[in-house]
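S.K.: Take this structure, written in structure tokens, and hold onto it; I'll ask about it next.
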Amino acid sequence: MKKIGVLTSGGDSPGMNPAIRAVVRKAIFHNLEVYGIYGGYAGLVSGNIKKLELGSVGDIIHRGGTMLYSARLPEFKNKEVQQKAIEQLKNHGIEGLVVIGGDGSYRGAKALTEQGFPCVGVPGTIDNDIPGTEFTIGFDTALNTVIDAIDKIRDTATSHERTFVIEVMGRDAGDIALWAGLAGGAETILIPEENYDMDEIAERLKKGSERGKKHSIIVVAEGVCSGVEFGKQLNEKTHFDTRVSVLGHIQRGGSPTAFDRVLASRLGARAVELLIEGKGGRAVGIEKNHLVDYDIIEALDKKHTLDLDLFKLSKELSI
Ligand code: F6P
């Protein structure tokens, strides 16, 4: 393998830049040429491809977002569009591709691999919902952003003796809500993986208030319901002074944490090694602090599992 490409696709995540840097520097270290594909699969299809040098990825390790830009391209599921992408790659002499992104990006990488073009997937999403890896790049930074918000909301919640509903991202997964809720000391955490009982929540809040609790924090994963809707229902049930905060896209930005930078560096470099070893069609991940790789085609058939022990613990600690 002499030339490889790298792209970022789907929702961006903090840590994509250090991952790109790792891919580029590792490839150059091994005397490969690296091409940056700008604007995800859309940029690939339209041929927005430029050679990257060591300096192209200087001064990005600490920056959120992605220097290669990102996009969602639903049409990429069409075979003709995929063929166009492969043509562009071949025109540039590119023989392998590193795809940094989430679920949708992996589907694109899987499709290209099935058509004979080797791709390696690197899990970059704040949602932490990729099967085969304990952590995705960006999850830790997003958590820290949410914790910062919860801590601040807690201050005003206490002053006004209010109940706050905080809606967080995560698509269909409850990881952000669960980890941030546990780390932020939330009274209640709602995740799509577990049903909730409004009467029980109302009862717990009432008991807390009777015991002298000055505020309550409820973290709701967007995959459960809208925070605004939940806040309305809760208000009707309890008549507590309730406010809702939807954290939204601030969860996707910001300087990546040390954890995400190290994870991105390790996974990005490993992806290049796999291409050098002639192992396309893989996805990289981390399990018990060891790098792993697995078949990208199988990866999508597996189901991401959330750590339900953490959920149980959060319930025990928030009595
Ligand atoms: O997958 C990352 C994510 O931020 C999800 O948590 C969220 O549901 C979605 O992307 C939002 O997408 P968009 O940026 O297209 O609004």
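Residue names in the structure tokens use chain letters A, B, ... in the order shown, residue numbers from 1 in each chain, and ligand numbers from 1 in the order shown.
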Which parts of stretch 216-249 of chain A does DSSP call alpha helix (DSSP H) when run on the backbone here, written out as a list of chain:residue names?

M.R.: A:Gly227, A:Val228, A:Glu229, A:Phe230, A:Gly231, A:Lys232, A:Gln233, A:Leu234, A:Asn235, A:Glu236, A:Lys237, A:Thr238

S.K.: Would you output that residue set with all heavy atoms, as a short mmCIF file (atom, residue, chain, number, x, y, z; two decimals), in the first residue's frame?

M.R.:
data_model
loop_
_atom_site.label_atom_id
_atom_site.label_comp_id
_atom_site.auth_asym_id
_atom_site.auth_seq_id
_atom_site.Cartn_x
_atom_site.Cartn_y
_atom_site.Cartn_z
N GLY A 227 -37.09 16.55 26.36
CA GLY A 227 -37.02 17.04 27.73
C GLY A 227 -38.19 17.96 28.04
O GLY A 227 -38.72 17.96 29.15
N VAL A 228 -38.57 18.75 27.04
CA VAL A 228 -39.66 19.72 27.22
C VAL A 228 -40.95 18.97 27.53
O VAL A 228 -41.70 19.30 28.47
CB VAL A 228 -39.83 20.60 25.95
CG1 VAL A 228 -41.05 21.50 26.06
CG2 VAL A 228 -38.56 21.42 25.72
N GLU A 229 -41.20 17.91 26.75
CA GLU A 229 -42.41 17.11 26.95
C GLU A 229 -42.39 16.45 28.33
O GLU A 229 -43.38 16.48 29.07
CB GLU A 229 -42.45 16.03 25.83
CG GLU A 229 -43.73 15.27 25.69
CD GLU A 229 -44.97 16.16 25.76
OE1 GLU A 229 -45.04 17.24 25.12
OE2 GLU A 229 -45.87 15.76 26.53
N PHE A 230 -41.24 15.91 28.70
CA PHE A 230 -41.13 15.24 30.00
C PHE A 230 -41.35 16.26 31.13
O PHE A 230 -42.05 15.98 32.11
CB PHE A 230 -39.76 14.56 30.15
CG PHE A 230 -39.62 13.84 31.45
CD1 PHE A 230 -40.14 12.56 31.61
CD2 PHE A 230 -39.00 14.45 32.54
CE1 PHE A 230 -40.05 11.91 32.83
CE2 PHE A 230 -38.91 13.80 33.76
CZ PHE A 230 -39.43 12.53 33.91
N GLY A 231 -40.76 17.44 30.96
CA GLY A 231 -40.92 18.50 31.97
C GLY A 231 -42.38 18.85 32.19
O GLY A 231 -42.84 19.03 33.32
N LYS A 232 -43.13 18.93 31.07
CA LYS A 232 -44.57 19.26 31.16
C LYS A 232 -45.30 18.20 31.96
O LYS A 232 -46.08 18.49 32.87
CB LYS A 232 -45.17 19.29 29.74
CG LYS A 232 -45.35 20.68 29.20
CD LYS A 232 -46.22 20.61 27.95
CE LYS A 232 -45.68 21.60 26.94
NZ LYS A 232 -45.87 21.18 25.57
N GLN A 233 -45.04 16.94 31.61
CA GLN A 233 -45.73 15.82 32.29
C GLN A 233 -45.39 15.81 33.78
O GLN A 233 -46.26 15.62 34.63
CB GLN A 233 -45.30 14.49 31.69
CG GLN A 233 -45.85 14.24 30.30
CD GLN A 233 -45.24 12.96 29.71
OE1 GLN A 233 -44.73 12.11 30.41
NE2 GLN A 233 -45.29 12.86 28.39
N LEU A 234 -44.12 16.07 34.08
CA LEU A 234 -43.67 16.04 35.48
C LEU A 234 -44.35 17.16 36.27
O LEU A 234 -44.80 16.98 37.40
CB LEU A 234 -42.15 16.20 35.53
CG LEU A 234 -41.53 16.08 36.90
CD1 LEU A 234 -41.60 14.63 37.39
CD2 LEU A 234 -40.07 16.52 36.88
N ASN A 235 -44.45 18.30 35.60
CA ASN A 235 -45.07 19.46 36.23
C ASN A 235 -46.52 19.20 36.57
O ASN A 235 -47.01 19.56 37.64
CB ASN A 235 -44.94 20.63 35.27
CG ASN A 235 -44.86 21.93 36.02
OD1 ASN A 235 -45.77 22.73 35.96
ND2 ASN A 235 -43.80 22.11 36.79
N GLU A 236 -47.21 18.53 35.63
CA GLU A 236 -48.62 18.21 35.88
C GLU A 236 -48.76 17.25 37.07
O GLU A 236 -49.68 17.34 37.86
CB GLU A 236 -49.24 17.55 34.63
CG GLU A 236 -49.62 18.59 33.58
CD GLU A 236 -49.76 17.98 32.19
OE1 GLU A 236 -49.91 16.75 32.08
OE2 GLU A 236 -49.69 18.76 31.21
N LYS A 237 -47.79 16.36 37.20
CA LYS A 237 -47.87 15.34 38.26
C LYS A 237 -47.47 15.89 39.63
O LYS A 237 -48.05 15.53 40.65
CB LYS A 237 -46.87 14.20 37.93
CG LYS A 237 -47.44 13.05 37.21
CD LYS A 237 -47.47 11.83 38.13
CE LYS A 237 -48.24 10.69 37.58
NZ LYS A 237 -49.55 10.65 37.35
N THR A 238 -46.45 16.76 39.65
CA THR A 238 -45.87 17.11 40.96
C THR A 238 -46.11 18.57 41.37
O THR A 238 -45.99 18.89 42.54
CB THR A 238 -44.34 16.93 40.92
OG1 THR A 238 -43.81 17.83 39.94
CG2 THR A 238 -43.95 15.52 40.58
#

S.K.: Quick one: everything within 12 Å of stretch 36-39 of chain A, counting only C-alpha atoms, minus sequence neighbours fewer than 2 positions away in the same chain. Send it as number ranges by chain.

M.R.: A: 3-12, 17, 20-21, 23-24, 33-34, 41-53, 56-57, 66-73, 85, 88-89, 92, 94, 97-100

S.K.: Output N, CA and C atoms of each residue in that selection to a file, as a short mmCIF file (atom, residue, chain, number, x, y, z; two decimals), in the first residue's frame.

M.R.:
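This went into result-v2.cif:
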data_model
loop_
_atom_site.label_atom_id
_atom_site.label_comp_id
_atom_site.auth_asym_id
_atom_site.auth_seq_id
_atom_site.Cartn_x
_atom_site.Cartn_y
_atom_site.Cartn_z
N LYS A 3 -0.59 4.63 -1.02
CA LYS A 3 -1.37 5.86 -0.79
C LYS A 3 -2.65 5.51 -0.07
N ILE A 4 -2.93 6.27 0.99
CA ILE A 4 -4.20 6.04 1.69
C ILE A 4 -4.97 7.37 1.79
N GLY A 5 -6.25 7.27 2.05
CA GLY A 5 -7.08 8.45 2.23
C GLY A 5 -7.67 8.43 3.63
N VAL A 6 -8.11 9.60 4.07
CA VAL A 6 -8.79 9.69 5.37
C VAL A 6 -9.95 10.67 5.25
N LEU A 7 -11.08 10.31 5.84
CA LEU A 7 -12.21 11.24 5.87
C LEU A 7 -12.93 11.15 7.21
N THR A 8 -13.64 12.22 7.53
CA THR A 8 -14.51 12.22 8.70
C THR A 8 -15.93 12.41 8.20
N SER A 9 -16.87 11.72 8.84
CA SER A 9 -18.23 11.77 8.32
C SER A 9 -19.24 11.69 9.45
N GLY A 10 -20.45 12.14 9.16
CA GLY A 10 -21.52 12.14 10.16
C GLY A 10 -21.34 13.26 11.16
N GLY A 11 -22.02 13.15 12.29
CA GLY A 11 -21.90 14.18 13.33
C GLY A 11 -20.46 14.25 13.82
N ASP A 12 -19.89 15.46 13.85
CA ASP A 12 -18.49 15.55 14.29
C ASP A 12 -18.38 15.24 15.78
N ASN A 17 -9.94 15.57 15.22
CA ASN A 17 -8.69 16.17 14.75
C ASN A 17 -7.45 15.38 15.19
N ILE A 20 -7.24 12.38 12.97
CA ILE A 20 -6.72 12.67 11.62
C ILE A 20 -5.19 12.83 11.69
N ARG A 21 -4.76 13.58 12.71
CA ARG A 21 -3.31 13.81 12.88
C ARG A 21 -2.56 12.48 13.01
N VAL A 23 -3.50 9.52 11.92
CA VAL A 23 -3.51 8.79 10.63
C VAL A 23 -2.43 9.37 9.72
N VAL A 24 -2.41 10.70 9.62
CA VAL A 24 -1.47 11.34 8.69
C VAL A 24 -0.02 11.08 9.11
N GLU A 33 1.87 7.96 1.26
CA GLU A 33 1.26 9.28 0.97
C GLU A 33 -0.15 9.25 1.55
N VAL A 34 -0.58 10.41 2.07
CA VAL A 34 -1.93 10.47 2.65
C VAL A 34 -2.74 11.57 1.98
N TYR A 41 -18.37 11.76 2.84
CA TYR A 41 -18.62 11.00 1.61
C TYR A 41 -19.03 11.93 0.46
N ALA A 42 -19.67 13.06 0.79
CA ALA A 42 -20.05 14.00 -0.27
C ALA A 42 -18.80 14.51 -0.97
N GLY A 43 -17.78 14.84 -0.17
CA GLY A 43 -16.52 15.33 -0.74
C GLY A 43 -15.79 14.23 -1.51
N LEU A 44 -15.99 13.01 -1.07
CA LEU A 44 -15.35 11.88 -1.77
C LEU A 44 -15.97 11.74 -3.17
N VAL A 45 -17.29 11.78 -3.21
CA VAL A 45 -17.99 11.60 -4.50
C VAL A 45 -17.66 12.75 -5.45
N SER A 46 -17.55 13.98 -4.90
CA SER A 46 -17.28 15.11 -5.80
C SER A 46 -15.78 15.31 -6.04
N GLY A 47 -14.95 14.51 -5.38
CA GLY A 47 -13.50 14.59 -5.65
C GLY A 47 -12.79 15.72 -4.91
N ASN A 48 -13.30 16.08 -3.74
CA ASN A 48 -12.64 17.13 -2.95
C ASN A 48 -11.52 16.49 -2.11
N ILE A 49 -10.42 16.20 -2.81
CA ILE A 49 -9.35 15.37 -2.23
C ILE A 49 -8.02 16.10 -2.38
N LYS A 50 -7.28 16.23 -1.26
CA LYS A 50 -5.99 16.93 -1.34
C LYS A 50 -4.93 16.18 -0.54
N LYS A 51 -3.71 16.25 -1.05
CA LYS A 51 -2.61 15.55 -0.36
C LYS A 51 -2.32 16.27 0.97
N LEU A 52 -2.07 15.50 2.01
CA LEU A 52 -1.74 16.08 3.31
C LEU A 52 -0.27 15.82 3.62
N GLU A 53 0.35 16.83 4.26
CA GLU A 53 1.76 16.70 4.66
C GLU A 53 1.82 16.72 6.19
N SER A 56 0.32 19.75 7.58
CA SER A 56 -1.13 19.96 7.37
C SER A 56 -1.91 19.68 8.66
N VAL A 57 -1.33 18.84 9.52
CA VAL A 57 -2.06 18.46 10.74
C VAL A 57 -1.39 19.04 11.99
N THR A 66 -13.61 19.08 13.08
CA THR A 66 -12.74 18.31 12.21
C THR A 66 -12.21 19.19 11.08
N MET A 67 -10.89 19.21 10.92
CA MET A 67 -10.28 20.03 9.87
C MET A 67 -10.67 19.54 8.47
N LEU A 68 -11.18 18.29 8.40
CA LEU A 68 -11.60 17.75 7.09
C LEU A 68 -13.09 18.02 6.83
N TYR A 69 -13.72 18.70 7.74
CA TYR A 69 -15.18 18.95 7.66
C TYR A 69 -15.95 17.63 7.62
N SER A 70 -17.24 17.75 7.81
CA SER A 70 -18.04 16.53 7.85
C SER A 70 -19.39 16.78 7.21
N ALA A 71 -20.06 15.71 6.84
CA ALA A 71 -21.38 15.84 6.22
C ALA A 71 -22.11 14.52 6.37
N ARG A 72 -23.41 14.58 6.22
CA ARG A 72 -24.18 13.34 6.13
C ARG A 72 -24.64 13.23 4.68
N LEU A 73 -24.52 12.05 4.09
CA LEU A 73 -24.94 11.88 2.70
C LEU A 73 -25.82 10.64 2.59
N ALA A 85 -17.58 7.05 -5.87
CA ALA A 85 -16.58 7.28 -4.81
C ALA A 85 -15.34 6.44 -5.08
N GLN A 88 -13.25 7.90 -7.81
CA GLN A 88 -12.46 9.06 -7.36
C GLN A 88 -11.21 8.58 -6.63
N LEU A 89 -11.38 7.59 -5.76
CA LEU A 89 -10.24 7.08 -4.99
C LEU A 89 -9.19 6.51 -5.95
N HIS A 92 -7.08 8.96 -7.86
CA HIS A 92 -5.98 9.56 -7.08
C HIS A 92 -4.95 8.51 -6.67
N ILE A 94 -5.42 6.10 -4.68
CA ILE A 94 -5.59 5.73 -3.26
C ILE A 94 -6.03 4.27 -3.18
N LEU A 97 -8.69 3.30 2.72
CA LEU A 97 -9.35 4.49 3.27
C LEU A 97 -9.62 4.32 4.76
N VAL A 98 -9.27 5.35 5.53
CA VAL A 98 -9.64 5.37 6.95
C VAL A 98 -10.87 6.25 7.10
N VAL A 99 -11.92 5.69 7.66
CA VAL A 99 -13.18 6.43 7.84
C VAL A 99 -13.38 6.68 9.34
N ILE A 100 -13.40 7.94 9.71
CA ILE A 100 -13.59 8.28 11.13
C ILE A 100 -15.01 8.79 11.29
#

S.K.: Nearest to ligand 1: which of A:Ile319, A:Ile218, A:Leu274, A:Val224 is it, counting only C-alpha atoms and all ligand atoms?

M.R.: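 Distance minimum relative to ligand 1 lands on A:Val224.
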
S.K.: So which residues touch A:Asp295 within 10 Å, counting only C-alpha atoms, skipping near sequence neighbours fewer than 5 positions away, as a PyMOL selection string?

M.R.: chain A and resi 110+120-121+132+279-284+300

S.K.: Only all heavy atoms, please: the residues just picked out, written as a PDB file, in the first residue's frame.

M.R.:
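File produced: out.pdb:
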ATOM      1  N   LYS A 110     -18.502   0.024   5.146  1.00  0.00           N
ATOM      2  CA  LYS A 110     -18.862  -1.377   4.910  1.00  0.00           C
ATOM      3  C   LYS A 110     -19.220  -1.572   3.428  1.00  0.00           C
ATOM      4  O   LYS A 110     -18.760  -2.513   2.775  1.00  0.00           O
ATOM      5  CB  LYS A 110     -20.057  -1.740   5.800  1.00  0.00           C
ATOM      6  CG  LYS A 110     -20.695  -3.065   5.486  1.00  0.00           C
ATOM      7  CD  LYS A 110     -21.956  -3.289   6.327  1.00  0.00           C
ATOM      8  CE  LYS A 110     -22.811  -4.354   5.660  1.00  0.00           C
ATOM      9  NZ  LYS A 110     -23.926  -4.821   6.421  1.00  0.00           N
ATOM     10  N   VAL A 120     -10.968   1.052   6.747  1.00  0.00           N
ATOM     11  CA  VAL A 120     -10.890   0.746   8.181  1.00  0.00           C
ATOM     12  C   VAL A 120     -11.684   1.816   8.920  1.00  0.00           C
ATOM     13  O   VAL A 120     -11.513   3.019   8.678  1.00  0.00           O
ATOM     14  CB  VAL A 120      -9.425   0.702   8.682  1.00  0.00           C
ATOM     15  CG1 VAL A 120      -9.380   0.499  10.195  1.00  0.00           C
ATOM     16  CG2 VAL A 120      -8.658  -0.434   7.998  1.00  0.00           C
ATOM     17  N   GLY A 121     -12.568   1.385   9.809  1.00  0.00           N
ATOM     18  CA  GLY A 121     -13.411   2.321  10.563  1.00  0.00           C
ATOM     19  C   GLY A 121     -12.769   2.689  11.884  1.00  0.00           C
ATOM     20  O   GLY A 121     -12.233   1.834  12.595  1.00  0.00           O
ATOM     21  N   GLY A 132     -18.377  -3.124  19.680  1.00  0.00           N
ATOM     22  CA  GLY A 132     -16.987  -3.566  19.483  1.00  0.00           C
ATOM     23  C   GLY A 132     -15.952  -2.650  20.087  1.00  0.00           C
ATOM     24  O   GLY A 132     -14.758  -2.914  19.978  1.00  0.00           O
ATOM     25  N   LYS A 279      -4.913  -5.469   5.950  1.00  0.00           N
ATOM     26  CA  LYS A 279      -6.158  -5.902   6.584  1.00  0.00           C
ATOM     27  C   LYS A 279      -7.242  -4.841   6.442  1.00  0.00           C
ATOM     28  O   LYS A 279      -7.556  -4.112   7.404  1.00  0.00           O
ATOM     29  CB  LYS A 279      -5.916  -6.204   8.066  1.00  0.00           C
ATOM     30  CG  LYS A 279      -4.986  -7.377   8.312  1.00  0.00           C
ATOM     31  CD  LYS A 279      -4.914  -7.678   9.804  1.00  0.00           C
ATOM     32  CE  LYS A 279      -3.821  -8.696  10.084  1.00  0.00           C
ATOM     33  NZ  LYS A 279      -3.203  -8.494  11.391  1.00  0.00           N
ATOM     34  N   GLY A 280      -7.789  -4.722   5.248  1.00  0.00           N
ATOM     35  CA  GLY A 280      -8.912  -3.799   5.059  1.00  0.00           C
ATOM     36  C   GLY A 280     -10.180  -4.435   5.590  1.00  0.00           C
ATOM     37  O   GLY A 280     -10.176  -5.609   5.999  1.00  0.00           O
ATOM     38  N   GLY A 281     -11.247  -3.665   5.598  1.00  0.00           N
ATOM     39  CA  GLY A 281     -12.531  -4.215   6.028  1.00  0.00           C
ATOM     40  C   GLY A 281     -12.603  -4.458   7.521  1.00  0.00           C
ATOM     41  O   GLY A 281     -13.340  -5.327   7.978  1.00  0.00           O
ATOM     42  N   ARG A 282     -11.808  -3.713   8.291  1.00  0.00           N
ATOM     43  CA  ARG A 282     -11.814  -3.867   9.746  1.00  0.00           C
ATOM     44  C   ARG A 282     -12.306  -2.573  10.406  1.00  0.00           C
ATOM     45  O   ARG A 282     -12.333  -1.510   9.782  1.00  0.00           O
ATOM     46  CB  ARG A 282     -10.405  -4.149  10.290  1.00  0.00           C
ATOM     47  CG  ARG A 282      -9.643  -5.222   9.578  1.00  0.00           C
ATOM     48  CD  ARG A 282     -10.171  -6.609   9.807  1.00  0.00           C
ATOM     49  NE  ARG A 282      -9.981  -7.088  11.159  1.00  0.00           N
ATOM     50  CZ  ARG A 282     -10.564  -8.199  11.635  1.00  0.00           C
ATOM     51  NH1 ARG A 282     -11.380  -8.895  10.853  1.00  0.00           N
ATOM     52  NH2 ARG A 282     -10.359  -8.602  12.862  1.00  0.00           N
ATOM     53  N   ALA A 283     -12.666  -2.684  11.660  1.00  0.00           N
ATOM     54  CA  ALA A 283     -12.939  -1.493  12.473  1.00  0.00           C
ATOM     55  C   ALA A 283     -12.080  -1.628  13.715  1.00  0.00           C
ATOM     56  O   ALA A 283     -11.852  -2.744  14.192  1.00  0.00           O
ATOM     57  CB  ALA A 283     -14.410  -1.441  12.847  1.00  0.00           C
ATOM     58  N   VAL A 284     -11.577  -0.498  14.226  1.00  0.00           N
ATOM     59  CA  VAL A 284     -10.734  -0.564  15.421  1.00  0.00           C
ATOM     60  C   VAL A 284     -11.531  -0.126  16.643  1.00  0.00           C
ATOM     61  O   VAL A 284     -12.528   0.598  16.526  1.00  0.00           O
ATOM     62  CB  VAL A 284      -9.454   0.310  15.278  1.00  0.00           C
ATOM     63  CG1 VAL A 284      -8.526  -0.268  14.232  1.00  0.00           C
ATOM     64  CG2 VAL A 284      -9.810   1.758  14.955  1.00  0.00           C
ATOM     65  N   LEU A 300     -21.492  -4.088  12.366  1.00  0.00           N
ATOM     66  CA  LEU A 300     -22.782  -3.413  12.287  1.00  0.00           C
ATOM     67  C   LEU A 300     -23.943  -4.329  12.650  1.00  0.00           C
ATOM     68  O   LEU A 300     -25.033  -3.865  12.957  1.00  0.00           O
ATOM     69  CB  LEU A 300     -22.971  -2.811  10.897  1.00  0.00           C
ATOM     70  CG  LEU A 300     -22.070  -1.597  10.666  1.00  0.00           C
ATOM     71  CD1 LEU A 300     -22.066  -1.200   9.210  1.00  0.00           C
ATOM     72  CD2 LEU A 300     -22.483  -0.425  11.532  1.00  0.00           C
TER      73      LEU A 300
END

S.K.: Excluding A:Val246 and residues on its chain fewer than 3 positions from it, collect all residues at most 12 Å away from it, counting only C-alpha atoms, and give them as a ChimeraX atom specification.

M.R.: /A:146,149-150,153,164-169,218-222,225-231,243,249-251

S.K.: For atom CA of A:Tyr196 and atom CA of A:Lys315, quote the distance in Å rounded to one decimal.

M.R.: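 Atom CA of A:Lys315 lies 12.1 Å from atom CA of A:Tyr196.
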
S.K.: Write out as a tab-separated table the residues of chain A that have any atom within 6 Å of an atom of ligand 1, one row each with the nearest atom pair and its distance in Å to one decimal, counting only C-alpha atoms and all ligand atoms, sorted by chain and then rising number.

M.R.:
residue	atom	partner	partner_atom_place_in_ligand_line	distance
A:Gly11	CA	ligand 1	2 (C)	4.7
A:Thr125	CA	ligand 1	2 (C)	5.8
A:Ile126	CA	ligand 1	2 (C)	5.8
A:Asp127	CA	ligand 1	6 (O)	5.5
A:Met169	CA	ligand 1	6 (O)	4.1
A:Gly170	CA	ligand 1	6 (O)	3.8
A:Arg171	CA	ligand 1	8 (O)	4.0

S.K.: Would you output that residue set with N, CA and C atoms, as a short mmCIF file (atom, residue, chain, number, x, y, z; two decimals), in the first residue's frame?

M.R.:
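Produced file part.cif, reproduced below:
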data_model
loop_
_atom_site.label_atom_id
_atom_site.label_comp_id
_atom_site.auth_asym_id
_atom_site.auth_seq_id
_atom_site.Cartn_x
_atom_site.Cartn_y
_atom_site.Cartn_z
N GLY A 11 -22.02 13.15 12.29
CA GLY A 11 -21.90 14.18 13.33
C GLY A 11 -20.46 14.25 13.82
N THR A 125 -17.64 9.42 17.54
CA THR A 125 -18.99 9.94 17.80
C THR A 125 -19.12 10.19 19.29
N ILE A 126 -19.87 11.22 19.64
CA ILE A 126 -20.07 11.48 21.08
C ILE A 126 -21.01 10.45 21.69
N ASP A 127 -21.76 9.70 20.85
CA ASP A 127 -22.84 8.86 21.37
C ASP A 127 -22.37 7.59 22.08
N MET A 169 -27.83 14.57 24.37
CA MET A 169 -27.82 13.83 23.10
C MET A 169 -27.51 12.35 23.32
N GLY A 170 -27.32 11.63 22.21
CA GLY A 170 -26.98 10.21 22.31
C GLY A 170 -27.70 9.35 21.29
N ARG A 171 -28.52 10.02 20.47
CA ARG A 171 -29.33 9.28 19.49
C ARG A 171 -30.14 8.19 20.19
#

S.K.: Choose the residue, out of A:Arg252, A:Arg204, A:Lys312, A:His304, that has the smallest atom-to-atom separation from A:Asp140; count only C-alpha atoms.

M.R.: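 Under the stated criterion, the closest residue is A:Arg252.
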
S.K.: Determine which residues of stretch 7-238 of chain A DSSP labels as strand (DSSP E or B) from the backbone of this structure, then write them out as a count of residues only.

M.R.: 39
